[in-house]
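Shown here: query39.pdb, PDB, C-alpha atoms.
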```pdb
ATOM      1  CA  MET A 941      49.920  46.711  -3.291  1.00  0.00           C
ATOM      2  CA  SER A 942      49.762  48.016   0.261  1.00  0.00           C
ATOM      3  CA  LYS A 943      48.188  46.165   3.163  1.00  0.00           C
ATOM      4  CA  ARG A 944      45.424  48.772   3.317  1.00  0.00           C
ATOM      5  CA  SER A 945      44.435  48.297  -0.344  1.00  0.00           C
ATOM      6  CA  LYS A 946      44.305  44.509   0.203  1.00  0.00           C
ATOM      7  CA  ALA A 947      41.986  44.970   3.150  1.00  0.00           C
ATOM      8  CA  LEU A 948      39.708  47.230   1.120  1.00  0.00           C
ATOM      9  CA  ARG A 949      39.674  44.673  -1.681  1.00  0.00           C
ATOM     10  CA  TYR A 950      37.930  42.126   0.507  1.00  0.00           C
ATOM     11  CA  TYR A 951      35.623  44.572   2.193  1.00  0.00           C
ATOM     12  CA  ARG A 952      31.928  43.797   1.924  1.00  0.00           C
ATOM     13  CA  SER A 953      29.145  46.051   3.009  1.00  0.00           C
ATOM     14  CA  TYR A 954      26.826  44.630   5.689  1.00  0.00           C
ATOM     15  CA  LYS A 955      23.097  45.164   5.664  1.00  0.00           C
ATOM     16  CA  PRO A 956      21.030  43.630   8.435  1.00  0.00           C
ATOM     17  CA  GLN A 957      18.275  41.294   7.223  1.00  0.00           C
ATOM     18  CA  SER A 958      14.746  42.401   7.812  1.00  0.00           C
ATOM     19  CA  ALA A 959      12.587  40.509  10.277  1.00  0.00           C
ATOM     20  CA  LEU A 960      10.284  39.395   7.443  1.00  0.00           C
ATOM     21  CA  ARG A 961      13.178  37.943   5.449  1.00  0.00           C
ATOM     22  CA  LYS A 962      14.476  36.098   8.508  1.00  0.00           C
ATOM     23  CA  LEU A 963      11.014  34.647   9.141  1.00  0.00           C
ATOM     24  CA  PHE A 964      10.690  33.557   5.496  1.00  0.00           C
ATOM     25  CA  LEU A 965      14.064  31.788   5.475  1.00  0.00           C
ATOM     26  CA  TYR A 966      13.301  30.125   8.796  1.00  0.00           C
ATOM     27  CA  LEU A 967       9.944  28.828   7.569  1.00  0.00           C
ATOM     28  CA  LEU A 968      11.499  27.655   4.300  1.00  0.00           C
ATOM     29  CA  ARG A 969      14.177  25.654   6.122  1.00  0.00           C
ATOM     30  CA  LEU A 970      11.541  24.265   8.486  1.00  0.00           C
ATOM     31  CA  ILE A 971       9.326  23.131   5.602  1.00  0.00           C
ATOM     32  CA  VAL A 972      12.265  21.445   3.849  1.00  0.00           C
ATOM     33  CA  VAL A 973      13.278  19.594   7.019  1.00  0.00           C
ATOM     34  CA  VAL A 974       9.710  18.502   7.796  1.00  0.00           C
ATOM     35  CA  PHE A 975       9.202  17.362   4.188  1.00  0.00           C
ATOM     36  CA  LEU A 976      12.384  15.260   4.246  1.00  0.00           C
ATOM     37  CA  LEU A 977      11.370  13.718   7.580  1.00  0.00           C
ATOM     38  CA  TYR A 978       7.911  13.006   6.144  1.00  0.00           C
ATOM     39  CA  GLN A 979       9.469  11.214   3.169  1.00  0.00           C
ATOM     40  CA  ILE A 980      11.772   9.122   5.374  1.00  0.00           C
ATOM     41  CA  VAL A 981       8.956   8.126   7.729  1.00  0.00           C
ATOM     42  CA  SER A 982       6.495   7.302   4.926  1.00  0.00           C
ATOM     43  CA  ILE A 983       9.015   5.328   2.860  1.00  0.00           C
ATOM     44  CA  PHE A 984      10.507   3.296   5.709  1.00  0.00           C
ATOM     45  CA  PHE A 985       8.171   3.216   8.690  1.00  0.00           C
ATOM     46  CA  ILE A 986       4.556   4.415   8.538  1.00  0.00           C
ATOM     47  CA  GLN A 987       1.941   4.730   5.802  1.00  0.00           C
ATOM     48  CA  VAL A 988      -1.772   5.481   6.164  1.00  0.00           C
ATOM     49  CA  TYR A 989      -4.445   3.692   4.116  1.00  0.00           C
ATOM     50  CA  THR A 990      -8.226   3.832   4.036  1.00  0.00           C
ATOM     51  CA  ARG A 991     -11.037   1.545   2.926  1.00  0.00           C
ATOM     52  CA  ASN A 992     -14.815   1.444   3.250  1.00  0.00           C
ATOM     53  CA  ASN A 993     -16.481  -1.197   5.396  1.00  0.00           C
ATOM     54  CA  GLN A 994     -19.778  -2.945   4.684  1.00  0.00           C
ATOM     55  CA  ASN A 995     -21.689  -0.027   6.216  1.00  0.00           C
ATOM     56  CA  GLY A 996     -20.043   2.495   3.910  1.00  0.00           C
ATOM     57  CA  GLU A 997     -17.943   3.978   6.726  1.00  0.00           C
ATOM     58  CA  THR A 998     -14.330   4.927   6.092  1.00  0.00           C
ATOM     59  CA  GLU A 999     -11.796   2.917   8.068  1.00  0.00           C
ATOM     60  CA  ARG A1000      -8.244   4.166   8.523  1.00  0.00           C
ATOM     61  CA  TYR A1001      -5.193   1.968   9.009  1.00  0.00           C
ATOM     62  CA  ILE A1002      -1.489   2.365   9.711  1.00  0.00           C
ATOM     63  CA  ALA A1003       0.845   0.092   7.756  1.00  0.00           C
ATOM     64  CA  SER A1004       4.601  -0.414   7.897  1.00  0.00           C
ATOM     65  CA  PRO A1005       6.735  -0.972   4.757  1.00  0.00           C
ATOM     66  CA  LEU A1006       9.601  -2.049   7.015  1.00  0.00           C
ATOM     67  CA  ILE A1007       8.137  -5.562   7.433  1.00  0.00           C
ATOM     68  CA  TYR A1008       8.187  -6.528   3.748  1.00  0.00           C
ATOM     69  CA  GLY A1009      11.136  -4.305   2.779  1.00  0.00           C
ATOM     70  CA  PRO A1010      10.929  -0.544   2.073  1.00  0.00           C
ATOM     71  CA  GLU A1011      11.215   0.578  -1.516  1.00  0.00           C
ATOM     72  CA  LEU A1012      12.949   3.662  -2.931  1.00  0.00           C
ATOM     73  CA  PRO A1013      10.672   4.605  -5.840  1.00  0.00           C
ATOM     74  CA  LEU A1014      13.102   6.962  -7.577  1.00  0.00           C
ATOM     75  CA  PHE A1015      15.900   4.380  -7.667  1.00  0.00           C
ATOM     76  CA  ASN A1016      13.756   1.260  -8.171  1.00  0.00           C
ATOM     77  CA  TYR A1017      15.493  -0.397  -5.224  1.00  0.00           C
ATOM     78  CA  ARG A1018      13.928  -2.471  -2.459  1.00  0.00           C
ATOM     79  CA  PHE A1019      15.561  -3.221   0.876  1.00  0.00           C
ATOM     80  CA  PRO A1020      15.542  -6.782   2.222  1.00  0.00           C
ATOM     81  CA  ALA A1021      12.376  -7.834   4.038  1.00  0.00           C
ATOM     82  CA  PHE A1022      12.219  -8.828   7.691  1.00  0.00           C
ATOM     83  CA  ARG A1023       9.784 -11.581   6.711  1.00  0.00           C
ATOM     84  CA  SER A1024       7.569 -12.690   3.844  1.00  0.00           C
ATOM     85  CA  PRO A1025       3.814 -12.063   3.797  1.00  0.00           C
ATOM     86  CA  GLY A1026       1.944 -14.697   5.802  1.00  0.00           C
ATOM     87  CA  ARG A1027      -1.578 -16.056   5.698  1.00  0.00           C
ATOM     88  CA  GLY A1028      -4.012 -13.681   7.335  1.00  0.00           C
ATOM     89  CA  ASP A1029      -1.874 -10.561   6.926  1.00  0.00           C
ATOM     90  CA  LEU A1030      -3.729  -7.437   5.869  1.00  0.00           C
ATOM     91  CA  ALA A1031      -1.405  -5.887   3.313  1.00  0.00           C
ATOM     92  CA  ALA A1032      -1.268  -2.848   1.050  1.00  0.00           C
ATOM     93  CA  ALA A1033      -0.566  -3.821  -2.538  1.00  0.00           C
ATOM     94  CA  ALA A1034      -0.479  -2.191  -5.954  1.00  0.00           C
ATOM     95  CA  TYR A1035      -3.417  -3.450  -7.969  1.00  0.00           C
ATOM     96  CA  ASN A1036      -2.077  -2.648 -11.420  1.00  0.00           C
ATOM     97  CA  PRO A1037       1.556  -3.728 -11.990  1.00  0.00           C
ATOM     98  CA  ASP A1038       1.753  -2.065 -15.411  1.00  0.00           C
ATOM     99  CA  ARG A1039       1.068   1.425 -14.119  1.00  0.00           C
ATOM    100  CA  SER A1040       4.543   2.831 -13.452  1.00  0.00           C
ATOM    101  CA  SER A1041       5.334   6.463 -12.641  1.00  0.00           C
ATOM    102  CA  SER A1042       8.141   8.628 -13.974  1.00  0.00           C
ATOM    103  CA  TRP A1043      10.563  10.376 -11.628  1.00  0.00           C
ATOM    104  CA  TYR A1044       8.951  13.812 -11.981  1.00  0.00           C
ATOM    105  CA  THR A1045       5.497  12.328 -11.333  1.00  0.00           C
ATOM    106  CA  ILE A1046       6.725  10.756  -8.087  1.00  0.00           C
ATOM    107  CA  ILE A1047       8.363  14.016  -6.910  1.00  0.00           C
ATOM    108  CA  LEU A1048       5.432  16.298  -7.757  1.00  0.00           C
ATOM    109  CA  ASN A1049       2.900  13.907  -6.247  1.00  0.00           C
ATOM    110  CA  SER A1050       5.012  13.718  -3.083  1.00  0.00           C
ATOM    111  CA  PHE A1051       4.975  17.512  -2.775  1.00  0.00           C
ATOM    112  CA  SER A1052       1.243  17.812  -3.460  1.00  0.00           C
ATOM    113  CA  ARG A1053       0.321  15.053  -0.988  1.00  0.00           C
ATOM    114  CA  PHE A1054       2.548  16.577   1.663  1.00  0.00           C
ATOM    115  CA  PHE A1055       1.031  20.056   1.426  1.00  0.00           C
ATOM    116  CA  THR A1056      -2.577  18.799   1.115  1.00  0.00           C
ATOM    117  CA  PHE A1057      -2.327  16.183   3.889  1.00  0.00           C
ATOM    118  CA  ASN A1058      -2.493  13.307   1.397  1.00  0.00           C
ATOM    119  CA  ARG A1059      -5.753  14.523  -0.151  1.00  0.00           C
ATOM    120  CA  LEU A1060      -4.558  15.644  -3.600  1.00  0.00           C
ATOM    121  CA  SER A1061      -2.189  14.366  -6.270  1.00  0.00           C
ATOM    122  CA  ILE A1062      -1.108  16.396  -9.286  1.00  0.00           C
ATOM    123  CA  PHE A1063      -0.919  13.268 -11.446  1.00  0.00           C
ATOM    124  CA  ASP A1064      -3.762  10.810 -11.046  1.00  0.00           C
ATOM    125  CA  ASP A1065      -2.439   7.302 -10.313  1.00  0.00           C
ATOM    126  CA  ARG A1066      -5.719   5.799  -9.167  1.00  0.00           C
ATOM    127  CA  ASN A1067      -7.044   2.514 -10.412  1.00  0.00           C
ATOM    128  CA  PRO A1068     -10.414   2.789 -12.215  1.00  0.00           C
ATOM    129  CA  TYR A1069     -11.844  -0.258 -10.406  1.00  0.00           C
ATOM    130  CA  TYR A1070     -10.595   0.151  -6.833  1.00  0.00           C
ATOM    131  CA  GLY A1071     -10.262   3.952  -6.916  1.00  0.00           C
ATOM    132  CA  SER A1072      -6.662   4.027  -5.697  1.00  0.00           C
ATOM    133  CA  ARG A1073      -3.328   2.691  -6.846  1.00  0.00           C
ATOM    134  CA  TYR A1074      -2.789   0.896  -3.524  1.00  0.00           C
ATOM    135  CA  GLN A1075      -5.503  -1.085  -1.779  1.00  0.00           C
ATOM    136  CA  LEU A1076      -5.784  -3.328   1.255  1.00  0.00           C
ATOM    137  CA  PHE A1077      -5.951  -7.063   0.604  1.00  0.00           C
ATOM    138  CA  ARG A1078      -5.979 -10.155   2.789  1.00  0.00           C
ATOM    139  CA  VAL A1079      -3.093 -12.578   2.224  1.00  0.00           C
ATOM    140  CA  ILE A1080      -4.836 -15.953   1.829  1.00  0.00           C
ATOM    141  CA  GLY A1081      -2.427 -18.086  -0.198  1.00  0.00           C
ATOM    142  CA  VAL A1082       1.379 -18.313  -0.080  1.00  0.00           C
ATOM    143  CA  PRO A1083       3.862 -19.830  -2.556  1.00  0.00           C
ATOM    144  CA  GLY A1084       3.294 -23.548  -3.043  1.00  0.00           C
ATOM    145  CA  ASP A1085      -0.416 -23.429  -2.177  1.00  0.00           C
ATOM    146  CA  THR A1086      -3.197 -24.588  -4.453  1.00  0.00           C
ATOM    147  CA  VAL A1087      -6.253 -22.380  -4.058  1.00  0.00           C
ATOM    148  CA  LYS A1088      -9.787 -22.291  -5.379  1.00  0.00           C
ATOM    149  CA  LEU A1089     -12.922 -20.273  -4.693  1.00  0.00           C
ATOM    150  CA  GLU A1090     -16.209 -21.804  -3.553  1.00  0.00           C
ATOM    151  CA  ASN A1091     -19.152 -19.549  -2.777  1.00  0.00           C
ATOM    152  CA  PHE A1092     -16.754 -16.594  -2.369  1.00  0.00           C
ATOM    153  CA  ARG A1093     -14.676 -18.441   0.266  1.00  0.00           C
ATOM    154  CA  VAL A1094     -11.137 -19.552  -0.543  1.00  0.00           C
ATOM    155  CA  LYS A1095     -10.183 -23.205  -0.152  1.00  0.00           C
ATOM    156  CA  ILE A1096      -6.479 -23.863   0.439  1.00  0.00           C
ATOM    157  CA  LYS A1097      -4.310 -26.927  -0.108  1.00  0.00           C
ATOM    158  CA  SER A1098      -0.788 -26.356   1.128  1.00  0.00           C
ATOM    159  CA  SER A1099       2.230 -27.920  -0.561  1.00  0.00           C
ATOM    160  CA  ASP A1100       2.524 -30.604   2.151  1.00  0.00           C
ATOM    161  CA  SER A1101      -1.169 -31.580   2.161  1.00  0.00           C
ATOM    162  CA  ASN A1102      -3.511 -33.587  -0.047  1.00  0.00           C
ATOM    163  CA  TYR A1103      -6.708 -31.914   1.104  1.00  0.00           C
ATOM    164  CA  PHE A1104      -8.336 -28.516   0.758  1.00  0.00           C
ATOM    165  CA  ILE A1105      -9.350 -26.682   3.915  1.00  0.00           C
ATOM    166  CA  ASP A1106     -11.386 -23.512   4.373  1.00  0.00           C
ATOM    167  CA  GLU A1107      -9.508 -20.225   4.633  1.00  0.00           C
ATOM    168  CA  PHE A1108     -10.755 -19.566   8.183  1.00  0.00           C
ATOM    169  CA  GLU A1109      -9.448 -22.955   9.296  1.00  0.00           C
ATOM    170  CA  ALA A1110      -6.067 -22.287   7.708  1.00  0.00           C
ATOM    171  CA  ILE A1111      -5.668 -18.724   8.991  1.00  0.00           C
ATOM    172  CA  GLN A1112      -7.430 -18.940  12.372  1.00  0.00           C
ATOM    173  CA  ASP A1113      -7.632 -15.167  12.707  1.00  0.00           C
ATOM    174  CA  GLU A1114     -10.802 -13.183  13.145  1.00  0.00           C
ATOM    175  CA  TYR A1115     -11.852 -11.146  10.120  1.00  0.00           C
ATOM    176  CA  VAL A1116     -15.169 -10.473   8.434  1.00  0.00           C
ATOM    177  CA  ILE A1117     -15.759 -11.005   4.726  1.00  0.00           C
ATOM    178  CA  GLN A1118     -18.549  -9.431   2.702  1.00  0.00           C
ATOM    179  CA  VAL A1119     -20.274 -11.887   0.397  1.00  0.00           C
ATOM    180  CA  PRO A1120     -22.961 -10.825  -2.093  1.00  0.00           C
ATOM    181  CA  GLU A1121     -26.306 -12.549  -1.790  1.00  0.00           C
ATOM    182  CA  GLN A1122     -26.876 -15.207  -4.415  1.00  0.00           C
ATOM    183  CA  GLY A1123     -30.192 -16.734  -5.346  1.00  0.00           C
ATOM    184  CA  ASP A1124     -30.709 -20.473  -5.251  1.00  0.00           C
ATOM    185  CA  PHE A1125     -31.009 -20.493  -9.029  1.00  0.00           C
ATOM    186  CA  VAL A1126     -27.374 -19.510  -9.541  1.00  0.00           C
ATOM    187  CA  SER A1127     -25.366 -22.538 -10.660  1.00  0.00           C
ATOM    188  CA  ALA A1128     -21.716 -23.005  -9.735  1.00  0.00           C
ATOM    189  CA  GLU A1129     -20.837 -23.276 -13.433  1.00  0.00           C
ATOM    190  CA  LEU A1130     -22.336 -19.886 -14.291  1.00  0.00           C
ATOM    191  CA  PRO A1131     -20.270 -16.666 -14.398  1.00  0.00           C
ATOM    192  CA  PHE A1132     -20.386 -14.479 -11.267  1.00  0.00           C
ATOM    193  CA  SER A1133     -21.454 -17.471  -9.161  1.00  0.00           C
ATOM    194  CA  GLY A1134     -18.667 -16.965  -6.611  1.00  0.00           C
ATOM    195  CA  ASN A1135     -16.698 -20.020  -7.758  1.00  0.00           C
ATOM    196  CA  GLN A1136     -13.274 -19.981  -9.399  1.00  0.00           C
ATOM    197  CA  PRO A1137     -11.031 -22.841 -10.596  1.00  0.00           C
ATOM    198  CA  GLU A1138      -7.917 -24.177  -8.894  1.00  0.00           C
ATOM    199  CA  MET A1139      -4.750 -22.118  -9.152  1.00  0.00           C
ATOM    200  CA  VAL A1140      -1.225 -23.098  -8.076  1.00  0.00           C
ATOM    201  CA  LEU A1141       0.876 -20.307  -6.555  1.00  0.00           C
ATOM    202  CA  LYS A1142       4.439 -20.359  -7.834  1.00  0.00           C
ATOM    203  CA  LYS A1143       7.554 -19.038  -6.110  1.00  0.00           C
ATOM    204  CA  GLY A1144       7.098 -15.376  -5.219  1.00  0.00           C
ATOM    205  CA  GLU A1145       3.326 -15.484  -5.862  1.00  0.00           C
ATOM    206  CA  TYR A1146       0.573 -14.873  -3.313  1.00  0.00           C
ATOM    207  CA  LEU A1147      -3.190 -14.905  -3.335  1.00  0.00           C
ATOM    208  CA  LEU A1148      -4.419 -11.522  -2.161  1.00  0.00           C
ATOM    209  CA  VAL A1149      -8.162 -10.913  -1.990  1.00  0.00           C
ATOM    210  CA  PRO A1150     -10.194  -8.075  -0.473  1.00  0.00           C
ATOM    211  CA  ASP A1151     -12.476  -8.768   2.470  1.00  0.00           C
ATOM    212  CA  ASN A1152     -15.275  -7.544   0.217  1.00  0.00           C
ATOM    213  CA  ARG A1153     -15.515 -10.554  -2.064  1.00  0.00           C
ATOM    214  CA  THR A1154     -17.938  -9.068  -4.604  1.00  0.00           C
ATOM    215  CA  GLY A1155     -15.169  -8.429  -7.129  1.00  0.00           C
ATOM    216  CA  LEU A1156     -14.050 -12.068  -7.074  1.00  0.00           C
ATOM    217  CA  ALA A1157     -17.192 -12.988  -8.991  1.00  0.00           C
ATOM    218  CA  ALA A1158     -15.348 -11.834 -12.127  1.00  0.00           C
ATOM    219  CA  SER A1159     -12.573 -14.150 -13.285  1.00  0.00           C
ATOM    220  CA  VAL A1160     -10.329 -11.189 -14.166  1.00  0.00           C
ATOM    221  CA  HIS A1161      -9.798 -10.565 -10.427  1.00  0.00           C
ATOM    222  CA  TRP A1162      -9.011 -14.206  -9.616  1.00  0.00           C
ATOM    223  CA  LYS A1163      -5.250 -14.114 -10.078  1.00  0.00           C
ATOM    224  CA  SER A1164      -2.003 -14.294  -8.153  1.00  0.00           C
ATOM    225  CA  THR A1165      -0.022 -11.302  -6.924  1.00  0.00           C
ATOM    226  CA  GLU A1166       3.745 -11.019  -7.193  1.00  0.00           C
ATOM    227  CA  PHE A1167       5.689 -10.090  -4.078  1.00  0.00           C
ATOM    228  CA  SER A1168       7.046  -6.955  -5.782  1.00  0.00           C
ATOM    229  CA  ARG A1169       3.518  -5.476  -5.719  1.00  0.00           C
ATOM    230  CA  ILE A1170       3.040  -6.015  -1.967  1.00  0.00           C
ATOM    231  CA  LYS A1171       4.194  -2.829  -0.253  1.00  0.00           C
ATOM    232  CA  ALA A1172       3.340  -2.767   3.457  1.00  0.00           C
ATOM    233  CA  ARG A1173       1.775  -4.791   6.267  1.00  0.00           C
ATOM    234  CA  VAL A1174      -1.124  -3.224   8.144  1.00  0.00           C
ATOM    235  CA  MET A1175      -0.294  -3.002  11.847  1.00  0.00           C
ATOM    236  CA  LEU A1176      -3.324  -1.314  13.399  1.00  0.00           C
ATOM    237  CA  SER A1177      -6.661   0.344  12.769  1.00  0.00           C
ATOM    238  CA  PHE A1178      -7.153   3.768  14.362  1.00  0.00           C
ATOM    239  CA  TRP A1179     -10.501   4.920  12.945  1.00  0.00           C
ATOM    240  CA  PRO A1180     -13.363   4.620  13.798  1.00  0.00           C
ATOM    241  CA  GLY A1181     -11.949   2.396  16.558  1.00  0.00           C
ATOM    242  CA  PHE A1182      -8.460   1.402  17.673  1.00  0.00           C
ATOM    243  CA  SER A1183      -7.288  -2.183  17.324  1.00  0.00           C
ATOM    244  CA  LEU A1184      -4.015  -3.984  16.713  1.00  0.00           C
ATOM    245  CA  LEU A1185      -3.895  -6.349  13.734  1.00  0.00           C
TER     246      LEU A1185
END
```
What is this structure when it is put down as structure tokens?
Amino acid sequence: MSKRSKALRYYRSYKPQSALRKLFLYLLRLIVVVFLLYQIVSIFFIQVYTRNNQNGETERYIASPLIYGPELPLFNYRFPAFRSPGRGDLAAAAYNPDRSSSWYTIILNSFSRFFTFNRLSIFDDRNPYYGSRYQLFRVIGVPGDTVKLENFRVKIKSSDSNYFIDEFEAIQDEYVIQVPEQGDFVSAELPFSGNQPEMVLKKGEYLLVPDNRTGLAASVHWKSTEFSRIKARVMLSFWPGFSLL
């Protein structure tokens, strides 16, 4: 075979790409890059959560999974934490530990939330009581504590103490709790009275309660939370006002 026939063998015709095709490929690559950056930032560094205050207004918070250890949902792997949850932390936690998601659910929900600015999920993973899979809770008790509820306020006895103290005395941070009004006729022994029995927190268990204490009237919500369900620590509030937490 001559040198000329070999050159013709590898000859390929060249057709310039149209401007529309170039724009499409550029936008496609840009979307892929932005989506991957969004996933890295949301998994490791920044997550946004919302909750309603006592006036019915929506509050928005920024939380960081990096504090308690980021988690790779597809691989069921969690990185080491910088520190454990402490009393007074406002943390994002999964309410229902039995509600796991398959790999395709995680991927499709990630795409839908990315393109709808976190407003829509293809597969509904919300909790019927709280309205979302992840909610904001206040860390009140840590492993080794004995806790109980009196008139919707948590009493804490640490592992090195013989006495219970009020949660505000133990935490010494400013936060506002919402307590439902109770009539004088409500006895402490009656259901929904705002009183719950003593509970000892074992290793890896925490007491997480919402600042709205109405739900604690039901005994089903008076329970410990495993560390594996605590996802991120809230760092700041940026709506309706800005404040560091």
Quiz item: So which residues fall inside 10 Å of (14.9, -5.6, -0.8) if we count all atoms listed in the file? Mind giving them as a PyMOL selection string?
Solution: chain A and resi 1008-1012+1017-1022+1168
Quiz prompt | Reference answer for the PyMOL selection byres ((chain A and resi 1178) around 12), as a PyMOL selection string | solution = chain A and resi 988-990+998-1003+1174-1177+1179-1185
Quiz prompt | Length of the CA of Leu1156 (chain A) to CA of Asn1091 (chain A) vector [Å] | solution = 10.0 Å
Quiz item: Quick one, how far is CA of Asn1102 (chain A) from CA of Trp1162 (chain A)?
Solution: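 Calculated distance between CA of Asn1102 (chain A) and CA of Trp1162 (chain A) is 22.3 Å.
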Exercise. Tell me which protein, DNA and RNA residues are within 12 Å of Glu1114 (chain A), counting only C-alpha atoms, leaving out same-chain ones fewer than 2 positions away, and put them as a ChimeraX atom specification.
Key: /A:1028-1030,1078,1107-1112,1116-1117,1151,1184-1185
Practice problem: Work out how far CA of Ser982 (chain A) is from CA of Lys1171 (chain A), in Å to one decimal. | Solution: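 CA of Ser982 (chain A) lies at a distance of 11.6 Å from CA of Lys1171 (chain A).
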Self-check item: Given the PyMOL selection byres ((chain A and resi 1158) around 12), the residues it picks as a list of chain:residue names
Solution: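 The output of the PyMOL selection byres ((chain A and resi 1158) around 12) on this file is A:Leu1089, A:Phe1092, A:Leu1130, A:Pro1131, A:Phe1132, A:Ser1133, A:Gly1134, A:Asn1135, A:Gln1136, A:Pro1137, A:Arg1153, A:Thr1154, A:Gly1155, A:Leu1156, A:Ala1157, A:Ser1159, A:Val1160, A:His1161, A:Trp1162, A:Lys1163.
When the PyMOL selection byres ((chain A and resi 1074) around 6) is evaluated against the file, it yields Ala1033, Ala1034, Ser1072, Arg1073 and Gln1075 of chain A.
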Quiz item: Out of A:Lys1088, A:Arg1027, A:Gly996, A:Pro1083, which residue has the shortest atom-to-atom distance to Glu1166 (chain A) when counting only C-alpha atoms?
Solution: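 Once distances to Glu1166 (chain A) are computed over only C-alpha atoms, the minimum belongs to A:Pro1083.
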Self-check item: Distance criterion (only C-alpha atoms): nearest to Leu1147 (chain A) out of A:Pro1120, A:Pro1013, A:Pro1025, A:Pro1005
Solution: A:Pro1025
Quiz item: Looking at A:Tyr966, A:Phe975, A:Phe1015, A:Tyr1146, which one is nearest to Gly1081 (chain A), with distances taken over all atoms listed in the file?
Solution: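 Of A:Tyr966, A:Phe975, A:Phe1015, A:Tyr1146, the one nearest Gly1081 (chain A) is A:Tyr1146, counting all atoms listed in the file.
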Quiz item: Of the candidates A:Arg969, A:Arg991, A:Lys962, A:Lys1097, which one gets nearest to Ile1080 (chain A) if we count only C-alpha atoms?
Solution: A:Lys1097
Could I get region 1083-1100 of chain A rebuilt with N, CA and C atoms, written as a short mmCIF file (atom, residue, chain, number, x, y, z; two decimals), in the frame of the given file?
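And here is the file that came out, rebuild.cif:
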```
data_model
loop_
_atom_site.label_atom_id
_atom_site.label_comp_id
_atom_site.auth_asym_id
_atom_site.auth_seq_id
_atom_site.Cartn_x
_atom_site.Cartn_y
_atom_site.Cartn_z
N PRO A 1083 3.25 -18.99 -1.53
CA PRO A 1083 3.86 -19.83 -2.56
C PRO A 1083 3.80 -21.32 -2.22
N GLY A 1084 3.43 -22.11 -3.21
CA GLY A 1084 3.29 -23.55 -3.04
C GLY A 1084 1.87 -24.00 -2.79
N ASP A 1085 0.98 -23.08 -2.43
CA ASP A 1085 -0.42 -23.43 -2.18
C ASP A 1085 -1.17 -23.64 -3.48
N THR A 1086 -2.19 -24.48 -3.40
CA THR A 1086 -3.20 -24.59 -4.45
C THR A 1086 -4.49 -24.02 -3.88
N VAL A 1087 -5.08 -23.08 -4.58
CA VAL A 1087 -6.25 -22.38 -4.06
C VAL A 1087 -7.39 -22.44 -5.07
N LYS A 1088 -8.60 -22.38 -4.56
CA LYS A 1088 -9.79 -22.29 -5.38
C LYS A 1088 -10.85 -21.53 -4.60
N LEU A 1089 -11.86 -21.07 -5.30
CA LEU A 1089 -12.92 -20.27 -4.69
C LEU A 1089 -14.24 -21.02 -4.78
N GLU A 1090 -14.89 -21.16 -3.62
CA GLU A 1090 -16.21 -21.80 -3.55
C GLU A 1090 -17.14 -20.91 -2.74
N ASN A 1091 -18.17 -20.43 -3.42
CA ASN A 1091 -19.15 -19.55 -2.78
C ASN A 1091 -18.46 -18.37 -2.09
N PHE A 1092 -17.48 -17.78 -2.80
CA PHE A 1092 -16.75 -16.59 -2.37
C PHE A 1092 -15.82 -16.85 -1.19
N ARG A 1093 -15.63 -18.10 -0.79
CA ARG A 1093 -14.68 -18.44 0.27
C ARG A 1093 -13.54 -19.25 -0.35
N VAL A 1094 -12.32 -18.92 0.05
CA VAL A 1094 -11.14 -19.55 -0.54
C VAL A 1094 -10.87 -20.88 0.16
N LYS A 1095 -10.61 -21.89 -0.64
CA LYS A 1095 -10.18 -23.20 -0.15
C LYS A 1095 -8.69 -23.35 -0.46
N ILE A 1096 -7.94 -23.84 0.53
CA ILE A 1096 -6.48 -23.86 0.44
C ILE A 1096 -5.96 -25.28 0.61
N LYS A 1097 -5.06 -25.68 -0.26
CA LYS A 1097 -4.31 -26.93 -0.11
C LYS A 1097 -2.83 -26.58 -0.12
N SER A 1098 -2.20 -26.71 1.03
CA SER A 1098 -0.79 -26.36 1.13
C SER A 1098 0.07 -27.39 0.39
N SER A 1099 1.34 -27.05 0.21
CA SER A 1099 2.23 -27.92 -0.56
C SER A 1099 2.48 -29.26 0.11
N ASP A 1100 2.29 -29.35 1.43
CA ASP A 1100 2.52 -30.60 2.15
C ASP A 1100 1.23 -31.31 2.54
#
```
